[in-house]
file final_22.cif (mmCIF, C-alpha atoms)
data_my_file
#
loop_
_atom_site.label_atom_id
_atom_site.label_comp_id
_atom_site.auth_asym_id
_atom_site.auth_seq_id
_atom_site.Cartn_x
_atom_site.Cartn_y
_atom_site.Cartn_z
CA MET A 207 249.92 39.90 24.85
CA GLY A 208 253.12 38.61 23.17
CA ALA A 209 254.08 39.00 19.53
CA THR A 210 253.19 35.39 18.71
CA ASP A 211 249.65 35.88 20.03
CA GLU A 212 249.14 38.67 17.53
CA VAL A 213 249.95 36.46 14.53
CA LYS A 214 246.88 36.01 12.37
CA MET A 215 246.39 32.28 11.92
CA LYS A 216 245.32 31.03 8.51
CA ASN A 217 245.24 27.74 6.66
CA VAL A 218 248.91 26.80 6.74
CA PHE A 219 248.84 25.62 3.12
CA GLU A 220 247.81 29.14 2.07
CA THR A 221 250.94 30.75 3.56
CA THR A 222 253.43 32.17 1.07
CA VAL A 223 256.10 29.52 1.39
CA LEU A 224 253.75 26.54 1.24
CA SER A 225 251.64 27.86 -1.62
CA LEU A 226 254.75 28.63 -3.68
CA SER A 227 256.59 25.41 -2.86
CA GLY A 228 253.68 23.39 -4.22
CA VAL A 229 253.39 21.18 -1.14
CA GLU A 230 249.75 20.18 -0.89
CA ALA A 231 247.52 19.31 2.02
CA SER A 232 247.35 15.72 0.76
CA SER A 233 251.14 15.21 0.82
CA GLU A 234 253.05 12.90 3.16
CA ALA A 235 254.61 16.00 4.68
CA LYS A 236 251.18 17.18 5.86
CA LYS A 237 251.56 16.02 9.46
CA ALA A 238 255.03 17.51 9.83
CA ILE A 239 253.83 20.80 8.37
CA GLN A 240 250.74 20.97 10.55
CA ASN A 241 252.88 20.36 13.63
CA ARG A 242 254.80 23.50 12.70
CA SER A 243 251.81 25.58 11.56
CA ASN A 244 252.72 28.29 14.10
CA ILE A 245 256.08 28.72 12.35
CA PHE A 246 254.52 29.08 8.90
CA ASN A 247 252.04 31.64 10.19
CA MET A 248 254.83 33.54 11.95
CA SER A 249 256.79 33.47 8.68
CA ASP A 250 253.89 35.22 6.93
CA ALA A 251 253.77 37.75 9.77
CA ALA A 252 257.49 38.35 9.24
CA GLU A 253 256.82 38.94 5.54
CA ASP A 254 254.28 41.63 6.49
CA ALA A 255 256.70 43.23 8.95
CA VAL A 256 259.58 43.34 6.49
CA LEU A 257 257.75 44.06 3.22
CA ARG A 258 254.82 46.14 4.46
CA PRO A 259 255.81 47.79 7.78
CA ARG A 260 253.98 50.78 9.24
CA GLU A 261 257.33 52.55 9.81
CA TYR A 262 259.04 52.10 6.46
CA GLY A 263 261.74 54.77 6.71
CA ALA A 264 263.37 55.67 3.39
CA PHE A 265 262.14 52.55 1.60
CA ASP A 266 258.40 52.49 0.99
CA HIS A 267 256.36 49.37 0.29
CA GLY A 268 256.84 49.61 -3.48
CA MET A 269 260.62 49.85 -3.23
CA ARG A 270 260.73 46.99 -0.72
CA ALA A 271 258.62 44.81 -3.03
CA ALA A 272 260.96 45.62 -5.91
CA LEU A 273 264.05 44.73 -3.88
CA ALA A 274 262.41 41.49 -2.73
CA ALA A 275 261.54 40.60 -6.33
CA ARG A 276 265.12 41.36 -7.39
CA ILE A 277 266.51 38.93 -4.80
CA ALA A 278 263.95 36.28 -5.79
CA PHE A 279 264.90 36.65 -9.47
CA GLN A 280 268.59 36.34 -8.53
CA HIS A 281 267.76 32.96 -7.00
CA GLN A 282 265.57 31.79 -9.90
CA GLU A 283 262.46 31.92 -7.72
CA ASP A 284 260.39 33.52 -10.47
CA ASP A 285 256.94 32.83 -8.99
CA LEU A 286 257.96 34.52 -5.74
CA ALA A 287 259.52 37.37 -7.71
CA HIS A 288 256.33 37.97 -9.67
CA LYS A 289 254.27 37.92 -6.47
CA TYR A 290 256.37 40.82 -5.14
CA LEU A 291 256.63 42.55 -8.51
CA GLU A 292 252.87 43.12 -8.44
CA ASP A 293 253.40 45.48 -5.49
CA ALA A 294 256.48 47.25 -6.84
CA GLY A 295 254.56 50.20 -8.33
CA ASN A 296 256.96 52.73 -9.85
CA PHE A 297 260.02 50.72 -8.84
CA LYS A 298 259.53 47.71 -11.13
CA LYS A 299 262.83 48.28 -12.94
CA VAL A 300 264.67 47.81 -9.63
CA ALA A 301 263.45 44.21 -9.64
CA ASN A 302 265.54 43.43 -12.70
CA PRO A 303 268.90 42.09 -11.43
CA SER A 304 270.71 43.56 -14.44
CA TYR A 305 269.53 47.08 -13.54
CA LYS A 306 272.28 48.74 -11.50
CA GLY A 307 270.68 52.14 -10.72
CA GLU A 308 270.98 55.57 -12.29
CA THR A 309 272.04 57.73 -9.35
CA LYS A 310 275.17 57.17 -7.30
CA ASP A 311 273.12 56.56 -4.17
CA LEU A 312 270.84 53.98 -5.77
CA LYS A 313 273.85 52.23 -7.31
CA SER A 314 275.36 51.91 -3.83
CA ILE A 315 272.11 50.55 -2.36
CA LEU A 316 271.65 47.95 -5.10
CA SER A 317 275.31 46.96 -4.96
CA PHE A 318 274.98 46.41 -1.20
CA MET A 319 271.77 44.40 -1.56
CA ASP A 320 273.27 42.21 -4.30
CA LYS A 321 276.38 41.48 -2.25
CA VAL A 322 274.46 40.62 0.91
CA ALA A 323 272.13 38.35 -1.05
CA GLU A 324 274.69 36.50 -3.13
CA ASP A 325 278.13 36.96 -1.58
CA THR A 326 277.34 37.29 2.10
CA ARG A 327 280.64 35.93 3.36
CA ASN A 328 282.59 38.76 1.72
CA VAL A 329 280.58 41.63 3.16
CA VAL A 330 282.92 43.93 5.09
CA ALA A 331 282.69 47.12 7.14
CA GLY A 332 283.44 49.13 4.00
CA ASP A 333 280.11 48.03 2.51
CA ILE A 334 278.29 49.68 5.41
CA THR A 335 280.47 52.77 5.07
CA ALA A 336 279.51 52.96 1.39
CA LEU A 337 275.83 52.91 2.33
CA LYS A 338 276.36 55.73 4.81
CA SER A 339 278.11 57.69 2.05
CA ALA A 340 274.99 57.08 -0.05
CA HIS A 341 272.97 58.96 2.61
CA VAL A 342 271.38 55.82 4.08
CA ASN A 343 270.95 56.36 7.82
CA ASP A 344 271.52 53.73 10.51
CA ALA A 345 267.86 52.75 10.86
CA ASP A 346 267.51 52.32 7.10
CA ILE A 347 270.68 50.22 6.95
CA VAL A 348 269.06 47.84 9.45
CA ARG A 349 265.84 47.87 7.41
CA LEU A 350 267.75 46.91 4.23
CA ALA A 351 269.60 44.15 6.08
CA GLU A 352 266.34 42.78 7.52
CA LEU A 353 264.68 42.76 4.10
CA ASN A 354 267.62 40.98 2.52
CA SER A 355 267.91 38.51 5.39
CA PHE A 356 264.23 37.68 5.39
CA MET A 357 264.36 36.97 1.66
CA ALA A 358 267.29 34.58 2.22
CA TYR A 359 265.10 32.73 4.73
CA GLN A 360 261.96 32.67 2.61
CA ILE A 361 263.75 31.55 -0.57
CA ARG A 362 265.57 28.71 1.19
CA LEU A 363 262.40 27.59 2.89
CA ILE A 364 260.54 27.42 -0.42
CA ALA A 365 263.41 25.53 -2.08
CA GLY A 366 263.65 23.05 0.79
CA LEU A 367 259.92 22.43 0.90
CA ARG A 368 259.86 21.91 -2.84
CA LEU A 369 262.48 19.20 -2.40
CA MET A 370 260.33 17.51 0.27
CA LYS A 371 257.46 17.47 -2.18
CA GLY A 372 259.69 16.18 -4.99
CA ALA A 373 261.09 13.32 -2.96
CA VAL A 374 257.62 12.21 -1.98
CA ASP A 375 256.37 12.47 -5.57
CA ASP A 376 259.25 10.34 -6.89
CA ARG A 377 258.66 7.69 -4.29
CA ASP A 378 254.96 7.56 -5.20
CA ILE A 379 255.82 6.97 -8.85
CA THR A 380 258.13 4.06 -8.11
CA MET B 246 292.43 48.52 19.11
CA THR B 247 290.08 45.55 19.37
CA GLU B 248 291.02 42.69 17.10
CA ILE B 249 288.46 41.55 14.52
CA LEU B 250 288.32 37.76 14.29
CA HIS B 251 288.40 36.11 10.88
CA LYS B 252 288.74 32.43 11.83
CA PHE B 253 286.18 30.15 13.40
CA THR B 254 286.72 29.88 17.11
CA ARG B 255 285.30 27.92 19.98
CA SER B 256 285.56 30.92 22.31
CA ILE B 257 282.51 33.09 21.83
CA PRO B 258 283.58 36.54 20.57
CA ASP B 259 282.07 39.88 21.41
CA TRP B 260 280.07 41.56 18.67
CA ARG B 261 280.83 45.14 17.69
CA PRO B 262 278.16 46.96 15.65
CA ARG B 263 279.09 48.80 12.47
CA ILE B 264 276.29 51.29 13.07
CA GLU B 265 275.11 53.06 16.20
CA PRO B 266 272.68 50.95 18.27
CA ILE B 267 269.64 52.73 19.69
CA LYS B 268 270.11 54.21 23.15
CA LEU B 269 268.01 52.41 25.71
CA ASP B 270 267.12 55.60 27.55
CA GLU B 271 265.83 57.07 24.29
CA ALA B 272 263.83 53.99 23.18
CA ASN B 273 260.15 54.47 22.38
CA SER B 274 257.37 52.27 23.79
CA ASP B 275 257.38 49.92 20.76
CA GLN B 276 261.13 49.42 21.07
CA LEU B 277 260.92 48.80 24.81
CA GLU B 278 258.19 46.22 24.23
CA ALA B 279 260.26 44.46 21.57
CA LEU B 280 263.32 44.55 23.80
CA GLN B 281 261.23 43.07 26.63
CA ILE B 282 262.55 45.65 29.04
CA THR B 283 261.25 45.26 32.55
CA PRO B 284 262.44 46.82 35.80
CA SER B 285 264.33 43.60 36.56
CA ASN B 286 265.68 43.11 33.03
CA THR B 287 267.46 46.16 31.68
CA LYS B 288 270.52 44.45 30.17
CA VAL B 289 270.26 44.32 26.39
CA SER B 290 273.00 43.35 23.94
CA ASP B 291 274.34 45.77 21.33
CA TYR B 292 273.08 43.34 18.69
CA VAL B 293 269.48 43.59 19.86
CA LEU B 294 269.79 47.36 20.35
CA THR B 295 271.01 47.58 16.74
CA LEU B 296 268.10 45.53 15.43
CA ALA B 297 265.71 47.72 17.42
CA HIS B 298 266.16 50.34 14.68
CA ASP B 299 263.63 48.15 12.79
CA VAL B 300 261.33 47.26 15.63
CA GLU B 301 258.56 45.64 13.57
CA SER B 302 260.98 43.05 12.16
CA LEU B 303 262.57 42.44 15.55
CA LYS B 304 259.19 41.80 17.18
CA VAL B 305 258.25 39.03 14.78
CA ARG B 306 261.70 37.49 14.34
CA SER B 307 262.47 36.74 17.99
CA PRO B 308 259.49 34.40 18.59
CA LEU B 309 260.00 32.83 15.16
CA PHE B 310 263.64 32.13 16.02
CA ASN B 311 262.66 30.53 19.32
CA ALA B 312 259.97 28.38 17.71
CA ILE B 313 262.30 27.06 15.00
CA MET B 314 265.19 26.29 17.31
CA TYR B 315 263.41 25.20 20.50
CA ASP B 316 259.85 23.97 19.85
CA LYS B 317 259.30 20.39 21.01
CA GLY B 318 259.15 17.35 18.73
CA GLY B 319 260.80 16.74 15.39
CA MET B 320 264.56 17.08 15.08
CA SER B 321 266.74 17.11 18.19
CA ARG B 322 268.03 20.49 19.33
CA SER B 323 271.63 19.46 18.70
CA GLU B 324 270.90 18.50 15.09
CA ARG B 325 269.05 21.78 14.49
CA GLU B 326 272.30 23.41 15.63
CA ILE B 327 274.15 21.59 12.84
CA GLY B 328 271.78 23.30 10.39
CA ALA B 329 272.69 26.64 11.98
CA ILE B 330 276.41 25.86 11.89
CA GLY B 331 276.25 24.71 8.26
CA ALA B 332 274.69 28.03 7.22
CA SER B 333 277.16 29.98 9.35
CA ILE B 334 280.26 28.40 7.82
CA VAL B 335 278.94 29.08 4.30
CA ASN B 336 278.22 32.71 5.13
CA ARG B 337 281.41 33.00 7.19
CA CYS B 338 279.49 34.30 10.19
CA ILE B 339 282.20 33.79 12.80
CA TYR B 340 279.99 34.91 15.67
CA CYS B 341 277.01 32.67 14.82
CA ALA B 342 279.25 29.67 14.14
CA SER B 343 280.93 30.09 17.51
CA VAL B 344 277.71 30.47 19.50
CA HIS B 345 275.99 27.52 17.85
CA ALA B 346 279.05 25.27 17.96
CA SER B 347 279.13 25.97 21.67
CA ARG B 348 275.43 25.07 22.01
CA HIS B 349 275.95 21.87 20.03
CA ALA B 350 278.87 20.93 22.29
CA GLN B 351 276.79 21.61 25.39
CA LEU B 352 273.87 19.55 24.13
CA THR B 353 275.99 16.58 23.00
CA LYS B 354 278.61 16.98 25.76
CA SER B 355 281.31 16.75 23.10
CA ASP B 356 283.39 19.14 20.97
CA ASP B 357 284.18 16.41 18.48
CA VAL B 358 281.64 17.21 15.75
CA THR B 359 282.08 20.97 15.78
CA ASP B 360 285.89 20.77 15.97
CA LYS B 361 285.85 18.67 12.80
CA ILE B 362 283.44 21.07 11.07
CA PHE B 363 285.63 24.06 11.97
CA VAL B 364 288.70 22.34 10.50
CA ASP B 365 287.27 20.66 7.39
CA GLY B 366 283.97 22.44 6.78
CA GLU B 367 281.59 20.62 4.47
CA ASN B 368 284.08 17.74 4.13
CA ALA B 369 284.35 17.01 7.85
CA LYS B 370 284.43 13.28 8.56
CA LEU B 371 281.32 12.82 10.70
CA SER B 372 278.85 10.01 11.33
CA ALA B 373 276.74 9.27 8.25
CA ARG B 374 273.74 11.00 9.82
CA ASP B 375 275.60 14.17 10.88
CA ALA B 376 277.42 14.30 7.53
CA ALA B 377 274.16 14.14 5.57
CA ILE B 378 272.63 16.86 7.75
CA LEU B 379 275.67 19.12 7.34
CA LYS B 380 275.89 18.55 3.60
CA PHE B 381 272.25 19.44 3.09
CA ALA B 382 272.56 22.58 5.26
CA VAL B 383 275.67 23.74 3.42
CA LYS B 384 274.14 23.29 -0.02
CA LEU B 385 270.82 24.95 0.85
CA SER B 386 272.73 27.87 2.37
CA ASP B 387 275.23 28.28 -0.44
CA ALA B 388 272.62 28.41 -3.20
CA PRO B 389 269.20 26.88 -2.65
CA SER B 390 269.35 25.23 -6.06
CA ARG B 391 272.49 23.30 -5.01
CA ALA B 392 270.46 21.15 -2.62
CA ASN B 393 268.81 18.47 -4.69
CA LYS B 394 266.61 15.42 -4.56
CA ASP B 395 269.60 13.13 -3.95
CA ASP B 396 270.61 15.13 -0.87
CA LEU B 397 267.10 14.87 0.49
CA ASN B 398 266.93 11.16 -0.20
CA GLU B 399 270.27 10.78 1.59
CA LEU B 400 268.68 12.34 4.66
CA LYS B 401 265.97 9.69 4.49
CA THR B 402 268.52 6.93 3.99
CA VAL B 403 270.37 7.87 7.18
CA GLY B 404 267.09 7.75 9.07
CA LEU B 405 265.61 11.24 9.16
CA HIS B 406 261.81 11.30 9.07
CA GLU B 407 259.62 14.04 7.57
CA GLU B 408 259.38 16.05 10.80
CA GLU B 409 263.16 16.07 11.20
CA ILE B 410 263.78 17.05 7.58
CA LEU B 411 261.34 19.94 7.90
CA ASP B 412 263.08 21.15 11.06
CA LEU B 413 266.46 20.98 9.30
CA ILE B 414 265.12 23.07 6.40
CA LEU B 415 263.72 25.57 8.91
CA SER B 416 266.86 25.90 11.04
CA THR B 417 269.13 26.17 8.02
CA SER B 418 266.90 28.78 6.36
CA LEU B 419 266.64 30.71 9.61
CA PHE B 420 270.40 31.11 9.70
CA GLY B 421 270.36 32.42 6.15
CA TRP B 422 268.48 35.24 7.88
CA ALA B 423 270.47 35.46 11.14
CA ASN B 424 273.89 35.36 9.44
CA ARG B 425 272.95 38.26 7.17
CA LEU B 426 272.18 40.40 10.19
CA MET B 427 275.04 39.39 12.47
CA HIS B 428 277.78 39.21 9.81
CA VAL B 429 276.65 42.29 7.87
CA LEU B 430 275.82 44.71 10.69
CA GLY B 431 278.83 44.06 12.93
CA ASP B 432 282.21 42.46 13.53
CA PRO B 433 283.20 39.56 15.80
CA VAL B 434 285.93 40.82 18.10
CA ARG B 435 288.12 39.26 20.75
CA PRO B 436 286.38 39.68 24.11
CA THR B 437 287.80 42.35 26.35
CA VAL B 438 289.33 41.00 29.53
CA ASN B 439 288.23 42.57 32.79
CA GLU B 440 291.14 42.90 35.17
CA ASP B 441 289.09 43.51 38.30
#

call {"tool": "encode", "arguments": {"input": "final_22.cif", "output": "structure tokens"}}
result
Amino acid sequence: MGATDEVKMKNVFETTVLSLSGVEASSEAKKAIQNRSNIFNMSDAAEDAVLRPREYGAFDHGMRAALAARIAFQHQEDDLAHKYLEDAGNFKKVANPSYKGETKDLKSILSFMDKVAEDTRNVVAGDITALKSAHVNDADIVRLAELNSFMAYQIRLIAGLRLMKGAVDDRDIT
Amino acid sequence: MTEILHKFTRSIPDWRPRIEPIKLDEANSDQLEALQITPSNTKVSDYVLTLAHDVESLKVRSPLFNAIMYDKGGMSRSEREIGAIGASIVNRCIYCASVHASRHAQLTKSDDVTDKIFVDGENAKLSARDAAILKFAVKLSDAPSRANKDDLNELKTVGLHEEEILDLILSTSLFGWANRLMHVLGDPVRPTVNED
């Protein structure tokens, strides 16, 4: 059985990106979206894998939710941020983009996550070295990069879908 | 010492990880499954061996990548590549830009579009359709809020239908993901020459 076969299929309009973009089942985009329903279901499966993995390493589900909320807030995706914030447990303060961490190690981790999220092009080898100095091992560096990268995908998908909805709405009005 | 590349290039670089990839002979059963190792397929790139540190993400991302870039219908494969290239020039992912420029050139049998993008970026003088696609991809990649209603309507004006627009959003967003792995976890380096 391949990974795609294991994806739990649900009503595509109930997936995270479609429910938060506001695109409805009655929209003109319905046919296009239904043709790609496998992709939206796989995107939800990716959310589970990145936010709620069985093997979470140094970053448990609460911390991952907080980091995801932080990135969503940085991109003014407040509804998405609040969805993740609900699962952040004791790490809620990490979700606030103005919070920079209290320990040296956490400061390094948040600094890395902020740079990857908002200034990707200027990430250099030294940023990875700084994480290693903050006692983040290789596997956890990959986990942080995957979390950040997935959020970049999810946020852009929501923003793009919202535009599709907006364009259709405007045309209906005129 | 191997030279790290900082400029966009048509020649596909090698990729050198900044962390230690997993060792294939030490991989667990989950990792081997995700790597799709079979007796006849034991060659795995350093990039995939690096991502295998987070096997649950790798297992779901590979089929998602293939579906977004290769599933039938909707936008042409070459135009999905423009979405990938637009994201890659914004994020300065030299490796991704090179690979996907090469794929675009193969699919269209021309280097013209990608040569112009590599020289002039977002301002490359392309056909109206390619220019609208690139502009949308660049804005959505740079900051999602930069892409606006006018950009989307421009896509419609140059002839894109709903299915194509959705595929462009998907391919561009996907490379927001891919660039942050490839560009962050490793360096593009000049390929080593075998002098056999």

call {"tool": "interface_residues", "arguments": {"input": "final_22.cif", "of": "chain A", "to": "chain B", "cutoff": "7 Å", "atoms": "all atoms listed in the file", "output": "PDB file with C-alpha atoms, keeping the file's coordinate frame"}}
result
ATOM      1  CA  ALA A 209     254.080  39.000  19.530  1.00  0.00           C
ATOM      2  CA  THR A 210     253.190  35.390  18.710  1.00  0.00           C
ATOM      3  CA  ALA A 235     254.610  16.000   4.680  1.00  0.00           C
ATOM      4  CA  ALA A 238     255.030  17.510   9.830  1.00  0.00           C
ATOM      5  CA  ILE A 245     256.080  28.720  12.350  1.00  0.00           C
ATOM      6  CA  MET A 248     254.830  33.540  11.950  1.00  0.00           C
ATOM      7  CA  ALA A 251     253.770  37.750   9.770  1.00  0.00           C
ATOM      8  CA  ALA A 252     257.490  38.350   9.240  1.00  0.00           C
ATOM      9  CA  ALA A 255     256.700  43.230   8.950  1.00  0.00           C
ATOM     10  CA  VAL A 256     259.580  43.340   6.490  1.00  0.00           C
ATOM     11  CA  PRO A 259     255.810  47.790   7.780  1.00  0.00           C
ATOM     12  CA  VAL A 322     274.460  40.620   0.910  1.00  0.00           C
ATOM     13  CA  THR A 326     277.340  37.290   2.100  1.00  0.00           C
ATOM     14  CA  ARG A 327     280.640  35.930   3.360  1.00  0.00           C
ATOM     15  CA  VAL A 329     280.580  41.630   3.160  1.00  0.00           C
ATOM     16  CA  ALA A 331     282.690  47.120   7.140  1.00  0.00           C
ATOM     17  CA  ASP A 344     271.520  53.730  10.510  1.00  0.00           C
ATOM     18  CA  ALA A 345     267.860  52.750  10.860  1.00  0.00           C
ATOM     19  CA  VAL A 348     269.060  47.840   9.450  1.00  0.00           C
ATOM     20  CA  ARG A 349     265.840  47.870   7.410  1.00  0.00           C
ATOM     21  CA  ALA A 351     269.600  44.150   6.080  1.00  0.00           C
ATOM     22  CA  GLU A 352     266.340  42.780   7.520  1.00  0.00           C
ATOM     23  CA  SER A 355     267.910  38.510   5.390  1.00  0.00           C
ATOM     24  CA  PHE A 356     264.230  37.680   5.390  1.00  0.00           C
ATOM     25  CA  ALA A 358     267.290  34.580   2.220  1.00  0.00           C
ATOM     26  CA  TYR A 359     265.100  32.730   4.730  1.00  0.00           C
ATOM     27  CA  ARG A 362     265.570  28.710   1.190  1.00  0.00           C
ATOM     28  CA  LEU A 363     262.400  27.590   2.890  1.00  0.00           C
ATOM     29  CA  ALA A 365     263.410  25.530  -2.080  1.00  0.00           C
ATOM     30  CA  GLY A 366     263.650  23.050   0.790  1.00  0.00           C
ATOM     31  CA  LEU A 369     262.480  19.200  -2.400  1.00  0.00           C
ATOM     32  CA  GLY A 372     259.690  16.180  -4.990  1.00  0.00           C
ATOM     33  CA  ALA A 373     261.090  13.320  -2.960  1.00  0.00           C
TER      34      ALA A 373
END

call {"tool": "residues_around", "arguments": {"input": "final_22.cif", "residues": "Glu292 in chain A", "least_positions_apart": "3", "cutoff": "12 Å", "atoms": "only C-alpha atoms", "output": "ChimeraX atom specification"}}
result
/A:267-272,274-275,285-289,295-298,301

call {"tool": "write_last_selection", "arguments": {"input": "final_22.cif", "atoms": "C-alpha atoms", "output": "mmCIF file, in the coordinates of the input"}}
result
data_model
loop_
_atom_site.group_PDB
_atom_site.id
_atom_site.type_symbol
_atom_site.label_atom_id
_atom_site.label_comp_id
_atom_site.auth_asym_id
_atom_site.auth_seq_id
_atom_site.Cartn_x
_atom_site.Cartn_y
_atom_site.Cartn_z
ATOM 1 C CA HIS A 267 256.360 49.370 0.290
ATOM 2 C CA GLY A 268 256.840 49.610 -3.480
ATOM 3 C CA MET A 269 260.620 49.850 -3.230
ATOM 4 C CA ARG A 270 260.730 46.990 -0.720
ATOM 5 C CA ALA A 271 258.620 44.810 -3.030
ATOM 6 C CA ALA A 272 260.960 45.620 -5.910
ATOM 7 C CA ALA A 274 262.410 41.490 -2.730
ATOM 8 C CA ALA A 275 261.540 40.600 -6.330
ATOM 9 C CA ASP A 285 256.940 32.830 -8.990
ATOM 10 C CA LEU A 286 257.960 34.520 -5.740
ATOM 11 C CA ALA A 287 259.520 37.370 -7.710
ATOM 12 C CA HIS A 288 256.330 37.970 -9.670
ATOM 13 C CA LYS A 289 254.270 37.920 -6.470
ATOM 14 C CA GLY A 295 254.560 50.200 -8.330
ATOM 15 C CA ASN A 296 256.960 52.730 -9.850
ATOM 16 C CA PHE A 297 260.020 50.720 -8.840
ATOM 17 C CA LYS A 298 259.530 47.710 -11.130
ATOM 18 C CA ALA A 301 263.450 44.210 -9.640
#

call {"tool": "resolve_selection", "arguments": {"input": "final_22.cif", "expression": "the PyMOL selection byres ((chain A and resi 277-280) around 8)", "output": "mmCIF file with C-alpha atoms, keeping the file's coordinate frame"}}
result
data_model
loop_
_atom_site.group_PDB
_atom_site.id
_atom_site.type_symbol
_atom_site.label_atom_id
_atom_site.label_comp_id
_atom_site.auth_asym_id
_atom_site.auth_seq_id
_atom_site.Cartn_x
_atom_site.Cartn_y
_atom_site.Cartn_z
ATOM 1 C CA LEU A 273 264.050 44.730 -3.880
ATOM 2 C CA ALA A 274 262.410 41.490 -2.730
ATOM 3 C CA ALA A 275 261.540 40.600 -6.330
ATOM 4 C CA ARG A 276 265.120 41.360 -7.390
ATOM 5 C CA HIS A 281 267.760 32.960 -7.000
ATOM 6 C CA GLN A 282 265.570 31.790 -9.900
ATOM 7 C CA GLU A 283 262.460 31.920 -7.720
ATOM 8 C CA ASP A 284 260.390 33.520 -10.470
ATOM 9 C CA LEU A 286 257.960 34.520 -5.740
ATOM 10 C CA ALA A 287 259.520 37.370 -7.710
ATOM 11 C CA ALA A 301 263.450 44.210 -9.640
ATOM 12 C CA ASN A 302 265.540 43.430 -12.700
ATOM 13 C CA PRO A 303 268.900 42.090 -11.430
ATOM 14 C CA ASP A 320 273.270 42.210 -4.300
ATOM 15 C CA ALA A 323 272.130 38.350 -1.050
ATOM 16 C CA ASN A 354 267.620 40.980 2.520
ATOM 17 C CA MET A 357 264.360 36.970 1.660
ATOM 18 C CA ILE A 361 263.750 31.550 -0.570
#

call {"tool": "residues_near_point", "arguments": {"input": "final_22.cif", "point": "(279.0, 15.6, 11.1)", "cutoff": "10 Å", "atoms": "all atoms listed in the file", "output": "VMD selection string"}}
result
chain B and resid 324 327 331 357 to 362 366 to 380

call {"tool": "atom_distance", "arguments": {"input": "final_22.cif", "atom1": "CA of Phe219 in chain A", "atom2": "CA of Glu261 in chain A"}}
result
29.0 Å

call {"tool": "atom_distance", "arguments": {"input": "final_22.cif", "atom1": "CA of Asn217 in chain A", "atom2": "CA of Arg260 in chain A"}}
result
24.8 Å

call {"tool": "resolve_selection", "arguments": {"input": "final_22.cif", "expression": "the PyMOL selection byres ((chain A and resi 312) around 12)", "output": "list in words"}}
result
Ala264, Phe265, Met269, Leu273, Phe297, Val300, Tyr305, Lys306, Gly307, Glu308, Thr309, Lys310, Asp311, Lys313, Ser314, Ile315, Leu316, Ser317, Phe318, Met319, Ala336, Leu337, Ser339, Ala340, His341 and Val342 of chain A

call {"tool": "resolve_selection", "arguments": {"input": "final_22.cif", "expression": "the PyMOL selection byres ((chain A and resi 243) around 10)", "output": "ChimeraX atom specification"}}
result
/A:215-219,221,237-242,244-249

call {"tool": "atom_distance", "arguments": {"input": "final_22.cif", "atom1": "CA of Val403 in chain B", "atom2": "CA of Glu326 in chain B"}}
result
17.8 Å

call {"tool": "residues_around", "arguments": {"input": "final_22.cif", "residues": "Asp259 in chain B", "least_positions_apart": "6", "cutoff": "12 Å", "atoms": "only C-alpha atoms", "output": "PyMOL selection string"}}
result
chain B and resi 247-250+290-292+339-341+343-344+427+431-438

call {"tool": "write_last_selection", "arguments": {"input": "final_22.cif", "atoms": "C-alpha atoms", "output": "short mmCIF file (atom, residue, chain, number, x, y, z; two decimals), keeping the file's coordinate frame"}}
result
data_model
loop_
_atom_site.label_atom_id
_atom_site.label_comp_id
_atom_site.auth_asym_id
_atom_site.auth_seq_id
_atom_site.Cartn_x
_atom_site.Cartn_y
_atom_site.Cartn_z
CA THR B 247 290.08 45.55 19.37
CA GLU B 248 291.02 42.69 17.10
CA ILE B 249 288.46 41.55 14.52
CA LEU B 250 288.32 37.76 14.29
CA SER B 290 273.00 43.35 23.94
CA ASP B 291 274.34 45.77 21.33
CA TYR B 292 273.08 43.34 18.69
CA ILE B 339 282.20 33.79 12.80
CA TYR B 340 279.99 34.91 15.67
CA CYS B 341 277.01 32.67 14.82
CA SER B 343 280.93 30.09 17.51
CA VAL B 344 277.71 30.47 19.50
CA MET B 427 275.04 39.39 12.47
CA GLY B 431 278.83 44.06 12.93
CA ASP B 432 282.21 42.46 13.53
CA PRO B 433 283.20 39.56 15.80
CA VAL B 434 285.93 40.82 18.10
CA ARG B 435 288.12 39.26 20.75
CA PRO B 436 286.38 39.68 24.11
CA THR B 437 287.80 42.35 26.35
CA VAL B 438 289.33 41.00 29.53
#
